[in-house]
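Comments concern the structure below.
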Amino acid sequence: MALIVQKYGGSSVADAESIKRVAKRIVDTRRAGHDVVVAVSAMGDTTDELLDLANEVAPIPAPRELDMLLSSGERISMALLAMAIHSMGFEARSFTGSQAGMITDSQHGAARIVDVTPIRLREALDEGAIVIVAGFQGFNRDTRDITTLGRGGSDTTAVALAAALDADVCEIYSDVDGIFTADPRVIPKAQKLDHIGSEEMLELAANGAKVLYIRAVEYARRHGVLIHARSTFSSSEGTYVLGEGMKNPREAEGAAAMEEPIVAGVATDFGQAKITVAGVPDVPGKAAEIFKIVAKSGANVDMIVQNVSATGRTDISFTVPKADSSAALKALAGEQTEVGFQNLVHDDQIGKLSVVGAGMRTHSGVSATLFEALSAGGINIEMISTSEIRISVVLRDTDLAEAARTVHTAYGLDGDAEATVHAGTGR
């Protein structure tokens with residue numbers, strides 16, 4: 001008998017029929033002799049609808065009350081799922097994040113998990129029940145308030161429960177069959193991966209791949225949790241995300257590990273904006289001043305390029321998430337006189353293309369293939385950033401989809417048939 005943690009996203013529990021389909025999959029796992037703990041998201045677009053409602057009644061909703069509102073979506077789906085399981089003749093108990101022992105810091109809207117004390121969950125498992133937990137939410141001991149975990153919160157909930165319960169595997173279910181070499185909505189001939197290293201998955205998640213969220217992947221890597229990305233809508237075996245020292249469960253006992261491919265995947269990100277601080281005095285310390293201001297605004301800087309100075313002044317360009325760009329621009333504008341730059345330029349018509357693969361460490365020519373493919377396609381590069389296992393470039397957003405298809409083909413990643421997407425957005 002194994003202990004399996006499963007997570008189902010909003011598209012997997014979008015309506016009553018979907019909930020019953022998920023309940024059947026959970027019951028089938030229980031019938032196979034396994035203990036099951038489930039983290040569930042709000043139904044369909046419930047969270048977005050609640051956000052819209054909050055903004056209709058208050059221009060700037062109070063963070064505490066917004067968390068109280070948003071956490072209700074997961075409570076609805078967890079209770080309905082437990083009811084569906086009961087109707088199939090199996091005991092199921094639903095728990096809110098606080099009841100499940102999901103302890104967080106006090107940051108409303110983007111809380112971080114500081115501890116998990118799943119006492120009630122263990123008791124329910126020991127009594128033979130299937131456990132259903134509301135994802136995306138927790139509880140702060142000091143304020144005694146409900147908190148929410150932000151984007152990808154249900155994935156993070158599932159991984160944190162798997163770590164705390166010492167589960168054998170954490171199955172993340174969505175509307176695609178696993179992790180692909182690219183987003184199959186952008187590149188229909190993307191291939192499903194049998195497995196991928198957690199380091200590569202972190203880079204893909206950080207650079208636009210939405211099938212798994214970066215916080216969940218990082219938590220799994222830190223705590224040694226085996227992730228299995230699967231589809232709610234098919235019986236496909238999905239993709240394993242392997243941390244350091246983990247063995248692919250599909251490999252035969254004693255089989256030699258195969259050499260990893262040079263490139264594991266291509267990620268696209270339409271959610272970036274570029275800010276250029278123009279006419280910065282070319283003296284020591286100015287870059288530090290600029291990025292200290294940006295950090296205080298709460299914006300998360302990604303790529304940075306500084307031009308060579310020719311006149312005693314230089315331009316510094318950097319990318320941030322579009323949602324952070326207004327705050328960064330406002331903060332910089334307020335310090336223009338102090339820093340001494342000439343003006344700010346904001347560009348939100350960009351896209352980021354990233355090529356990721358652990359094999360880059362030991363193979364030459366990876367960069368050349370990327371740049372040759374883009375050149376052949378007549379696609380201009382505006383910024384470049386690299387790590388040991390990643391190359392990222394910024395392009396015009398109108399070029400991004402075509403660039404991704406061109407690069408995917410150049411690295412030999414195209415499959416023979418089009419990938420299947422069963423529902424909406426990959427969540």
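Identifiers in this document derive from the order of the structure tokens: chains are assigned A, B, ..., residues are numbered from 1 separately in each chain, and ligands are numbered from 1 in order of occurrence.
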
Glu218 in chain A: which residues within 9 Å, counting only C-alpha atoms, same-chain residues fewer than 3 positions away excluded, as a ChimeraX atom specification? /A:198-199,202,213-215,221-223

Go ahead and write the residues just picked, N, CA and C atoms, as a short mmCIF file (atom, residue, chain, number, x, y, z; two decimals), in the first residue's frame.
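Okay, out.cif is ready:
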```
data_model
loop_
_atom_site.label_atom_id
_atom_site.label_comp_id
_atom_site.auth_asym_id
_atom_site.auth_seq_id
_atom_site.Cartn_x
_atom_site.Cartn_y
_atom_site.Cartn_z
N SER A 198 14.26 17.95 -11.84
CA SER A 198 13.64 19.08 -11.13
C SER A 198 14.32 20.40 -11.47
N GLU A 199 15.63 20.36 -11.73
CA GLU A 199 16.35 21.59 -12.08
C GLU A 199 15.85 22.14 -13.41
N LEU A 202 12.33 23.51 -12.92
CA LEU A 202 12.36 24.83 -12.29
C LEU A 202 12.60 25.92 -13.32
N TYR A 213 3.80 24.94 -11.18
CA TYR A 213 4.24 26.24 -10.68
C TYR A 213 5.58 26.12 -9.97
N ILE A 214 6.37 27.17 -10.10
CA ILE A 214 7.75 27.12 -9.62
C ILE A 214 7.84 26.88 -8.12
N ARG A 215 6.94 27.46 -7.33
CA ARG A 215 7.02 27.27 -5.88
C ARG A 215 6.82 25.81 -5.51
N ARG A 221 11.65 19.78 -4.68
CA ARG A 221 13.10 19.52 -4.75
C ARG A 221 13.73 19.63 -3.37
N ARG A 222 13.33 20.61 -2.60
CA ARG A 222 13.93 20.82 -1.28
C ARG A 222 13.57 19.70 -0.31
N HIS A 223 12.37 19.13 -0.45
CA HIS A 223 11.91 18.12 0.51
C HIS A 223 11.89 16.70 -0.05
#
```

Might you pull out every residue within 12 Å of range 360-376 of chain A, with only C-alpha atoms counted and same-chain residues fewer than 3 positions away left off, and present them as an NGL selection string? :A and (200 or 259-266 or 353-357 or 379-382 or 384-395 or 399-412)

Residues within 6 Å of range 320-325 of chain A, only C-alpha atoms, excluding chain neighbours under 3 positions, as a list in words: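 Result of the neighbour search: Gly271, Gln272, Ala273, Ala299, Asn300, Val301, Asp302 and Ala328 of chain A.
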
Kindly give the distance, in Å, that separates CA of Ser18 in chain A and CA of Asp67 in chain A, rounded to a single decimal.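 Computed distance, CA of Ser18 in chain A to CA of Asp67 in chain A, equals 25.8 Å.
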
Which polymer residues have any atom within 12 Å of an atom of Asp52 in chain A, counting only C-alpha atoms, with same-chain residues fewer than 6 positions away left out, as a list in words?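 So the residues in contact are Asp45, Thr46, Ala58, Pro59, Ile60, Pro61, Leu66, Leu69 and Leu70 of chain A.
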
Residues as selected, N, CA and C atoms, written as a PDB file, in the first residue's frame, can you do that?
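Saved the output as again.pdb:
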```pdb
ATOM      1  N   ASP A  45     -13.463  28.860 -13.167  1.00  0.00           N
ATOM      2  CA  ASP A  45     -12.977  30.235 -13.049  1.00  0.00           C
ATOM      3  C   ASP A  45     -13.480  30.923 -11.786  1.00  0.00           C
ATOM      4  N   THR A  46     -13.824  30.146 -10.771  1.00  0.00           N
ATOM      5  CA  THR A  46     -14.418  30.719  -9.558  1.00  0.00           C
ATOM      6  C   THR A  46     -13.546  31.799  -8.932  1.00  0.00           C
ATOM      7  N   ALA A  58     -15.385  47.159  -4.099  1.00  0.00           N
ATOM      8  CA  ALA A  58     -14.334  47.960  -3.467  1.00  0.00           C
ATOM      9  C   ALA A  58     -13.192  48.153  -4.456  1.00  0.00           C
ATOM     10  N   PRO A  59     -12.793  49.411  -4.732  1.00  0.00           N
ATOM     11  CA  PRO A  59     -11.688  49.650  -5.673  1.00  0.00           C
ATOM     12  C   PRO A  59     -10.395  48.950  -5.260  1.00  0.00           C
ATOM     13  N   ILE A  60     -10.116  48.967  -3.960  1.00  0.00           N
ATOM     14  CA  ILE A  60      -8.945  48.263  -3.429  1.00  0.00           C
ATOM     15  C   ILE A  60      -9.428  47.386  -2.270  1.00  0.00           C
ATOM     16  N   PRO A  61      -9.760  46.123  -2.548  1.00  0.00           N
ATOM     17  CA  PRO A  61     -10.300  45.256  -1.491  1.00  0.00           C
ATOM     18  C   PRO A  61      -9.302  45.081  -0.337  1.00  0.00           C
ATOM     19  N   LEU A  66     -10.246  39.893   1.402  1.00  0.00           N
ATOM     20  CA  LEU A  66     -10.094  39.255   0.095  1.00  0.00           C
ATOM     21  C   LEU A  66      -9.679  37.794   0.257  1.00  0.00           C
ATOM     22  N   LEU A  69     -12.640  35.805   1.231  1.00  0.00           N
ATOM     23  CA  LEU A  69     -13.510  35.580   0.082  1.00  0.00           C
ATOM     24  C   LEU A  69     -12.944  34.509  -0.841  1.00  0.00           C
ATOM     25  N   LEU A  70     -11.682  34.664  -1.242  1.00  0.00           N
ATOM     26  CA  LEU A  70     -11.104  33.757  -2.232  1.00  0.00           C
ATOM     27  C   LEU A  70     -10.986  32.329  -1.720  1.00  0.00           C
TER      28      LEU A  70
END
```

Report as a PyMOL selection string: the residues of range 145-256 of chain A with a DSSP assignment of helix (DSSP H, G or I), based on the backbone of this structure. chain A and resi 153-165+198-206+214-223
